[in-house]
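**Q** Below is a structure I'd like to ask you about.
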Amino acid sequence: MKIGILSTSKNLYSTRRLVEAIGQRGHEGQVINHKRCYMNIASHKPSVHYNGQALTGFDAIIPRIGASVTFYGTAVVRQFEMMGVYSVNESVAITRSRDKLRAFQLLSRKGIGLPVTGFANAPGDTDDLLNLVEGTPVVIKLLEGTQGVGVVLAETRKAAESVIEAFRGLSANFLVQEFIKEAGGSDIRCLVIGEKVVAAMKRQAKEGEFRSNLHRGGTAELVKLTPEERSTAVRAARIMGLNVAGVDLLRSNHGPVVLEVNSSPGLEGIEAATGKDVASTIIEFIEKNAKHGKTRTRGSG
Ligand code: ADP
């Protein structure tokens, strides 16, 4: 098969591992920088161009679209879908999961456990917003944040009011969320491929920190999931429509709650912590599922 990896750099760990796995399984791989693709969207024969050439003959693509280029990156994925090329994660599913508000609403509609969460678009009524999530302590998050940046724990009402006021002053969109204290500064990353959790790790925040992001000095180790955690992760990925997803869970007193469903999960931390060859599992999934024109939505909807 000829498989394209949409990625901004060949040197990223996940990209390198995917290229390696594609080669090991006897396929041809090409890294395509989606930021440098261009296309004629009005043509009857949709195409994607790169470095002066039309990209042809691809059986599948693996989108690895960073949060900052979601808009353009998903347009490139959609164009491939219009050409009938199978995308392991479809453009519609990527867009769905990137919009935190929409993702939470979809998950909650299907009964997935979530931390009690209030969304607000620069609200005038901070007091009521805090009541909505059952008071402090609360976690306040910028919607645009990643890797724990813009995620603040406010232990008192005064602190929460100040943070909300500051975010409001910057016209930033944010959410206010119940603080799951019992998680003890750890979260669980489940790597879902198809209908299975193929690897899972527990990330633990460093001393004195509640955010377990590895970028913030957290550590990771292999974890055994409960059947409920396993099924929550698989269902969350399915609801988003993602075949490959990193589902982040917190262990709360009321069962597993989903923090986020990531459409381009990093492979470095999870492969190191679990010793699993996640990259090859993704390629095996593509071998079984990629068919020309099989893209469910062909980029519509
Ligand atoms: P990002 O997407 O920027 O990583 P997250 O929402 O995943 O932001 O939050 C970063 C980390 O903070 C999580 O991995 C988790 O350890 C911690 N955290 C986030 N929300 C909560 C919460 N409601 N209760 C307890 N811990 C939380």
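Identifiers in this document derive from the order of the structure tokens: chains are assigned A, B, ..., residues are numbered from 1 separately in each chain, and ligands are numbered from 1 in order of occurrence.
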Kindly assemble as JSON lines a list of the region 180-221 of chain A residues that lie within 12 Å of region 118-141 of chain A, each paired with its nearest atom pair and their distance in Å to one decimal, using only C-alpha atoms, sorted first by chain and then by ascending residue number.

**A**
{"residue": "A:Ile180", "atom": "CA", "partner": "A:Val138", "partner_atom": "CA", "distance": 8.7}
{"residue": "A:Lys181", "atom": "CA", "partner": "A:Pro137", "partner_atom": "CA", "distance": 8.9}
{"residue": "A:Phe210", "atom": "CA", "partner": "A:Val139", "partner_atom": "CA", "distance": 10.0}
{"residue": "A:Arg211", "atom": "CA", "partner": "A:Val139", "partner_atom": "CA", "distance": 10.4}

**Q** Would you write out those residues with N, CA and C atoms, as a short mmCIF file (atom, residue, chain, number, x, y, z; two decimals), in the first residue's frame?

**A**
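Everything below was put into part.cif:
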data_model
loop_
_atom_site.label_atom_id
_atom_site.label_comp_id
_atom_site.auth_asym_id
_atom_site.auth_seq_id
_atom_site.Cartn_x
_atom_site.Cartn_y
_atom_site.Cartn_z
N ILE A 180 -11.35 17.20 40.31
CA ILE A 180 -11.41 15.79 40.74
C ILE A 180 -10.19 15.55 41.63
N LYS A 181 -10.36 15.86 42.89
CA LYS A 181 -9.24 15.80 43.84
C LYS A 181 -8.74 14.37 44.01
N PHE A 210 -0.89 19.60 40.06
CA PHE A 210 -2.05 18.72 39.82
C PHE A 210 -2.16 18.30 38.36
N ARG A 211 -1.38 18.95 37.48
CA ARG A 211 -1.46 18.62 36.06
C ARG A 211 -0.42 17.54 35.73
#

**Q** Counting only C-alpha atoms and all ligand atoms, which residues of chain A sit at most 9 Å from some atom of ligand 1, and what is each one's closest atom pair with its distance in Å to one decimal, listed by chain and rising residue number, as a tab-separated table?

**A**
residue	atom	partner	partner_atom_place_in_ligand_line	distance
A:Leu114	CA	ligand 1	23 (N)	9.0
A:Pro115	CA	ligand 1	23 (N)	5.9
A:Val116	CA	ligand 1	23 (N)	8.0
A:Thr117	CA	ligand 1	23 (N)	8.2
A:Val138	CA	ligand 1	23 (N)	7.2
A:Val139	CA	ligand 1	23 (N)	5.5
A:Ile140	CA	ligand 1	20 (N)	8.2
A:Lys141	CA	ligand 1	6 (O)	7.0
A:Leu142	CA	ligand 1	3 (O)	8.3
A:Leu143	CA	ligand 1	3 (O)	8.6
A:Glu144	CA	ligand 1	3 (O)	8.3
A:Gly145	CA	ligand 1	3 (O)	5.0
A:Thr146	CA	ligand 1	3 (O)	3.3
A:Gln147	CA	ligand 1	3 (O)	3.9
A:Gly148	CA	ligand 1	3 (O)	3.4
A:Val149	CA	ligand 1	3 (O)	5.4
A:Gly150	CA	ligand 1	3 (O)	6.9
A:Val151	CA	ligand 1	9 (O)	6.0
A:Val152	CA	ligand 1	12 (O)	8.3
A:Leu153	CA	ligand 1	27 (C)	8.2
A:Val176	CA	ligand 1	23 (N)	8.4
A:Gln177	CA	ligand 1	23 (N)	5.2
A:Glu178	CA	ligand 1	23 (N)	5.1
A:Phe179	CA	ligand 1	24 (N)	3.8
A:Ile180	CA	ligand 1	24 (N)	3.7
A:Lys181	CA	ligand 1	25 (C)	5.7
A:Glu182	CA	ligand 1	25 (C)	8.0
A:Ala183	CA	ligand 1	25 (C)	6.3
A:Gly184	CA	ligand 1	25 (C)	7.8
A:Gly185	CA	ligand 1	16 (O)	5.4
A:Ser186	CA	ligand 1	16 (O)	5.2
A:Asp187	CA	ligand 1	16 (O)	5.1
A:Ile188	CA	ligand 1	14 (O)	8.1
A:Arg189	CA	ligand 1	14 (O)	8.8
A:Arg203	CA	ligand 1	16 (O)	7.5
A:Gln204	CA	ligand 1	16 (O)	7.4
A:Ala205	CA	ligand 1	16 (O)	6.7
A:Glu209	CA	ligand 1	16 (O)	8.8
A:Phe210	CA	ligand 1	17 (C)	5.7
A:Arg211	CA	ligand 1	12 (O)	3.5
A:Ser212	CA	ligand 1	16 (O)	3.9
A:Asn213	CA	ligand 1	14 (O)	5.2
A:Leu214	CA	ligand 1	14 (O)	8.7
A:Gly218	CA	ligand 1	16 (O)	8.8
A:Asp248	CA	ligand 1	7 (O)	7.1
A:Leu249	CA	ligand 1	14 (O)	8.4
A:Leu250	CA	ligand 1	25 (C)	7.2
A:Ser252	CA	ligand 1	24 (N)	8.7
A:Leu259	CA	ligand 1	6 (O)	5.7
A:Glu260	CA	ligand 1	7 (O)	6.3
A:Asn262	CA	ligand 1	2 (O)	8.7

**Q** Mind the document's chain letters and residue numbers, and return as an MDAnalysis selection string the residues of region 140-175 of chain A that DSSP labels helix (DSSP H, G or I).

**A** chainID A and resid 157:169

**Q** Just write the chosen residues, N, CA, C and O atoms, as a compact mmCIF listing (two decimals), in the first residue's frame.

**A**
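Listing of out-v1.txt after writing:
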# COMPACT_ATOMS: atom_id res chain seq x y z
N ARG A 157 -13.00 30.72 46.28
CA ARG A 157 -13.90 31.48 45.43
C ARG A 157 -13.24 32.77 44.96
O ARG A 157 -13.37 33.17 43.80
N LYS A 158 -12.51 33.40 45.86
CA LYS A 158 -11.80 34.65 45.52
C LYS A 158 -10.83 34.41 44.36
O LYS A 158 -10.78 35.17 43.40
N ALA A 159 -10.04 33.32 44.49
CA ALA A 159 -9.06 33.00 43.45
C ALA A 159 -9.78 32.73 42.12
O ALA A 159 -9.36 33.22 41.06
N ALA A 160 -10.86 31.97 42.18
CA ALA A 160 -11.61 31.64 40.96
C ALA A 160 -12.14 32.91 40.30
O ALA A 160 -12.02 33.08 39.08
N GLU A 161 -12.67 33.81 41.12
CA GLU A 161 -13.20 35.06 40.57
C GLU A 161 -12.11 35.87 39.88
O GLU A 161 -12.32 36.42 38.79
N SER A 162 -10.92 35.90 40.49
CA SER A 162 -9.82 36.67 39.89
C SER A 162 -9.40 36.09 38.55
O SER A 162 -9.16 36.82 37.59
N VAL A 163 -9.29 34.74 38.50
CA VAL A 163 -8.86 34.11 37.25
C VAL A 163 -9.90 34.35 36.16
O VAL A 163 -9.57 34.71 35.02
N ILE A 164 -11.17 34.17 36.53
CA ILE A 164 -12.24 34.36 35.54
C ILE A 164 -12.23 35.80 35.03
O ILE A 164 -12.35 36.06 33.83
N GLU A 165 -12.03 36.71 35.96
CA GLU A 165 -11.98 38.13 35.58
C GLU A 165 -10.82 38.37 34.60
O GLU A 165 -10.98 39.09 33.60
N ALA A 166 -9.69 37.76 34.88
CA ALA A 166 -8.52 37.94 34.01
C ALA A 166 -8.78 37.37 32.62
O ALA A 166 -8.51 38.01 31.61
N PHE A 167 -9.33 36.15 32.56
CA PHE A 167 -9.64 35.53 31.27
C PHE A 167 -10.66 36.36 30.52
O PHE A 167 -10.58 36.54 29.31
N ARG A 168 -11.65 36.84 31.29
CA ARG A 168 -12.70 37.65 30.66
C ARG A 168 -12.09 38.92 30.06
O ARG A 168 -12.42 39.33 28.96
N GLY A 169 -11.16 39.52 30.81
CA GLY A 169 -10.48 40.74 30.35
C GLY A 169 -9.74 40.51 29.04
O GLY A 169 -9.58 41.42 28.23

**Q** Find the residues around Asn289 (chain A) up to 10 Å (only C-alpha atoms counted), leave out those fewer than 6 positions away in its own chain, and share them as a PyMOL selection string.

**A** chain A and resi 60+86-88+194+283+295

**Q** Can you work out which one of A:His27, A:Arg36, A:Arg64, A:Lys202 has the shortest atom-to-atom distance to Leu12 (chain A), counting only C-alpha atoms?

**A** A:Arg64

**Q** For each of A:Glu284, A:Arg78, A:Glu90, A:Ala272, take the minimum atom-to-atom distance to Ala220 (chain A), counting only C-alpha atoms, then give the residue where this is smallest.

**A**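 Under the stated criterion, the closest residue is A:Ala272.
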
**Q** Residues of region 78-252 of chain A in strand (DSSP E) according to DSSP, as a ChimeraX atom specification?

**A** /A:86-87,117-120,138-142,151-154,174-178,186-193,196-204,219-222,244-252

**Q** With a distance cut-off of 10 Å and only C-alpha atoms, select the neighbouring residues of region 47-57 of chain A, excluding the residue or stretch itself and same-chain residues fewer than 4 positions from it, and output the selection as a PyMOL selection string.

**A** chain A and resi 1-4+32-41+43+76-77+79-80+82-83+85

**Q** Store the residues picked out above, limited to N, CA, C and O atoms, as a tab-separated table (two decimals), in the first residue's frame.

**A**
chain	number	residue	atom	x	y	z
A	1	MET	N	0.85	-1.20	0.00
A	1	MET	CA	0.00	0.00	0.00
A	1	MET	C	0.89	1.25	0.00
A	1	MET	O	2.02	1.21	0.45
A	2	LYS	N	0.30	2.35	-0.48
A	2	LYS	CA	1.01	3.63	-0.39
A	2	LYS	C	0.27	4.49	0.65
A	2	LYS	O	-0.92	4.77	0.50
A	3	ILE	N	1.00	4.80	1.71
A	3	ILE	CA	0.37	5.48	2.84
A	3	ILE	C	1.04	6.84	3.07
A	3	ILE	O	2.27	6.93	3.18
A	4	GLY	N	0.24	7.89	3.13
A	4	GLY	CA	0.76	9.23	3.40
A	4	GLY	C	0.56	9.59	4.87
A	4	GLY	O	-0.47	9.26	5.46
A	32	ILE	N	3.90	13.98	4.28
A	32	ILE	CA	3.39	15.13	3.52
A	32	ILE	C	3.13	16.25	4.52
A	32	ILE	O	2.36	16.07	5.47
A	33	ASN	N	3.78	17.38	4.31
A	33	ASN	CA	3.53	18.52	5.19
A	33	ASN	C	2.24	19.21	4.73
A	33	ASN	O	2.22	19.92	3.72
A	34	HIS	N	1.18	18.99	5.50
A	34	HIS	CA	-0.14	19.49	5.08
A	34	HIS	C	-0.16	21.02	4.97
A	34	HIS	O	-0.94	21.58	4.24
A	35	LYS	N	0.76	21.68	5.73
A	35	LYS	CA	0.77	23.14	5.67
A	35	LYS	C	1.23	23.63	4.30
A	35	LYS	O	0.96	24.75	3.91
A	36	ARG	N	1.95	22.75	3.58
A	36	ARG	CA	2.49	23.16	2.27
A	36	ARG	C	1.71	22.54	1.12
A	36	ARG	O	2.12	22.64	-0.05
A	37	CYS	N	0.60	21.89	1.43
A	37	CYS	CA	-0.25	21.35	0.35
A	37	CYS	C	-1.14	22.47	-0.19
A	37	CYS	O	-1.51	23.38	0.54
A	38	TYR	N	-1.47	22.37	-1.44
A	38	TYR	CA	-2.43	23.31	-2.02
A	38	TYR	C	-3.35	22.52	-2.93
A	38	TYR	O	-3.04	21.42	-3.35
A	39	MET	N	-4.51	23.09	-3.18
A	39	MET	CA	-5.49	22.29	-3.91
A	39	MET	C	-6.47	23.17	-4.66
A	39	MET	O	-6.69	24.32	-4.30
A	40	ASN	N	-7.04	22.58	-5.68
A	40	ASN	CA	-8.09	23.27	-6.43
A	40	ASN	C	-9.40	22.66	-5.98
A	40	ASN	O	-9.75	21.55	-6.34
A	41	ILE	N	-10.14	23.43	-5.16
A	41	ILE	CA	-11.34	22.83	-4.58
A	41	ILE	C	-12.53	22.92	-5.52
A	41	ILE	O	-13.54	22.27	-5.30
A	43	SER	N	-12.48	22.06	-8.66
A	43	SER	CA	-12.32	21.18	-9.81
A	43	SER	C	-13.25	19.96	-9.70
A	43	SER	O	-13.60	19.52	-8.62
A	76	VAL	N	-7.24	19.79	4.06
A	76	VAL	CA	-6.41	18.90	3.24
A	76	VAL	C	-6.92	17.45	3.36
A	76	VAL	O	-7.06	16.74	2.36
A	77	VAL	N	-7.23	17.05	4.59
A	77	VAL	CA	-7.77	15.69	4.80
A	77	VAL	C	-9.06	15.52	4.00
A	77	VAL	O	-9.27	14.51	3.31
A	79	GLN	N	-9.98	17.00	1.34
A	79	GLN	CA	-9.70	16.92	-0.09
A	79	GLN	C	-9.28	15.50	-0.48
A	79	GLN	O	-9.73	14.96	-1.48
A	80	PHE	N	-8.45	14.88	0.38
A	80	PHE	CA	-8.08	13.47	0.14
A	80	PHE	C	-9.34	12.59	0.16
A	80	PHE	O	-9.50	11.68	-0.66
A	82	MET	N	-12.32	13.44	-0.58
A	82	MET	CA	-13.08	13.67	-1.82
A	82	MET	C	-12.47	12.90	-2.99
A	82	MET	O	-13.16	12.55	-3.95
A	83	MET	N	-11.16	12.65	-2.89
A	83	MET	CA	-10.48	11.85	-3.93
A	83	MET	C	-10.69	10.36	-3.69
A	83	MET	O	-10.18	9.53	-4.45
A	85	VAL	N	-9.58	8.73	-1.05
A	85	VAL	CA	-8.47	8.15	-0.26
A	85	VAL	C	-8.95	7.93	1.18
A	85	VAL	O	-9.55	8.82	1.79

**Q** One decimal, in Å: what's the spacing between CA of Gly111 (chain A) and CA of Val278 (chain A)?

**A**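 Computing the Euclidean distance for CA of Gly111 (chain A) and CA of Val278 (chain A) yields 28.5 Å.
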
**Q** Have a look at A:Asn243, A:Thr156, A:Thr274, A:Thr8 and name the one nearest to Gly73 (chain A); count only C-alpha atoms.

**A**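 Of all the options, A:Thr8 lies closest to Gly73 (chain A).
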
**Q** Find, counting only C-alpha atoms, the residue in A:Gly293, A:Gly66, A:Gly23, A:Gly241 that gets nearest to Ser7 (chain A).

**A**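 Residue with the minimum atom-to-atom distance to Ser7 (chain A): A:Gly66.
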
**Q** Tell me which of A:Ile282, A:Ala290, A:Leu101, A:Leu242 sits closest to Leu18 (chain A), counting only C-alpha atoms.

**A** A:Ile282
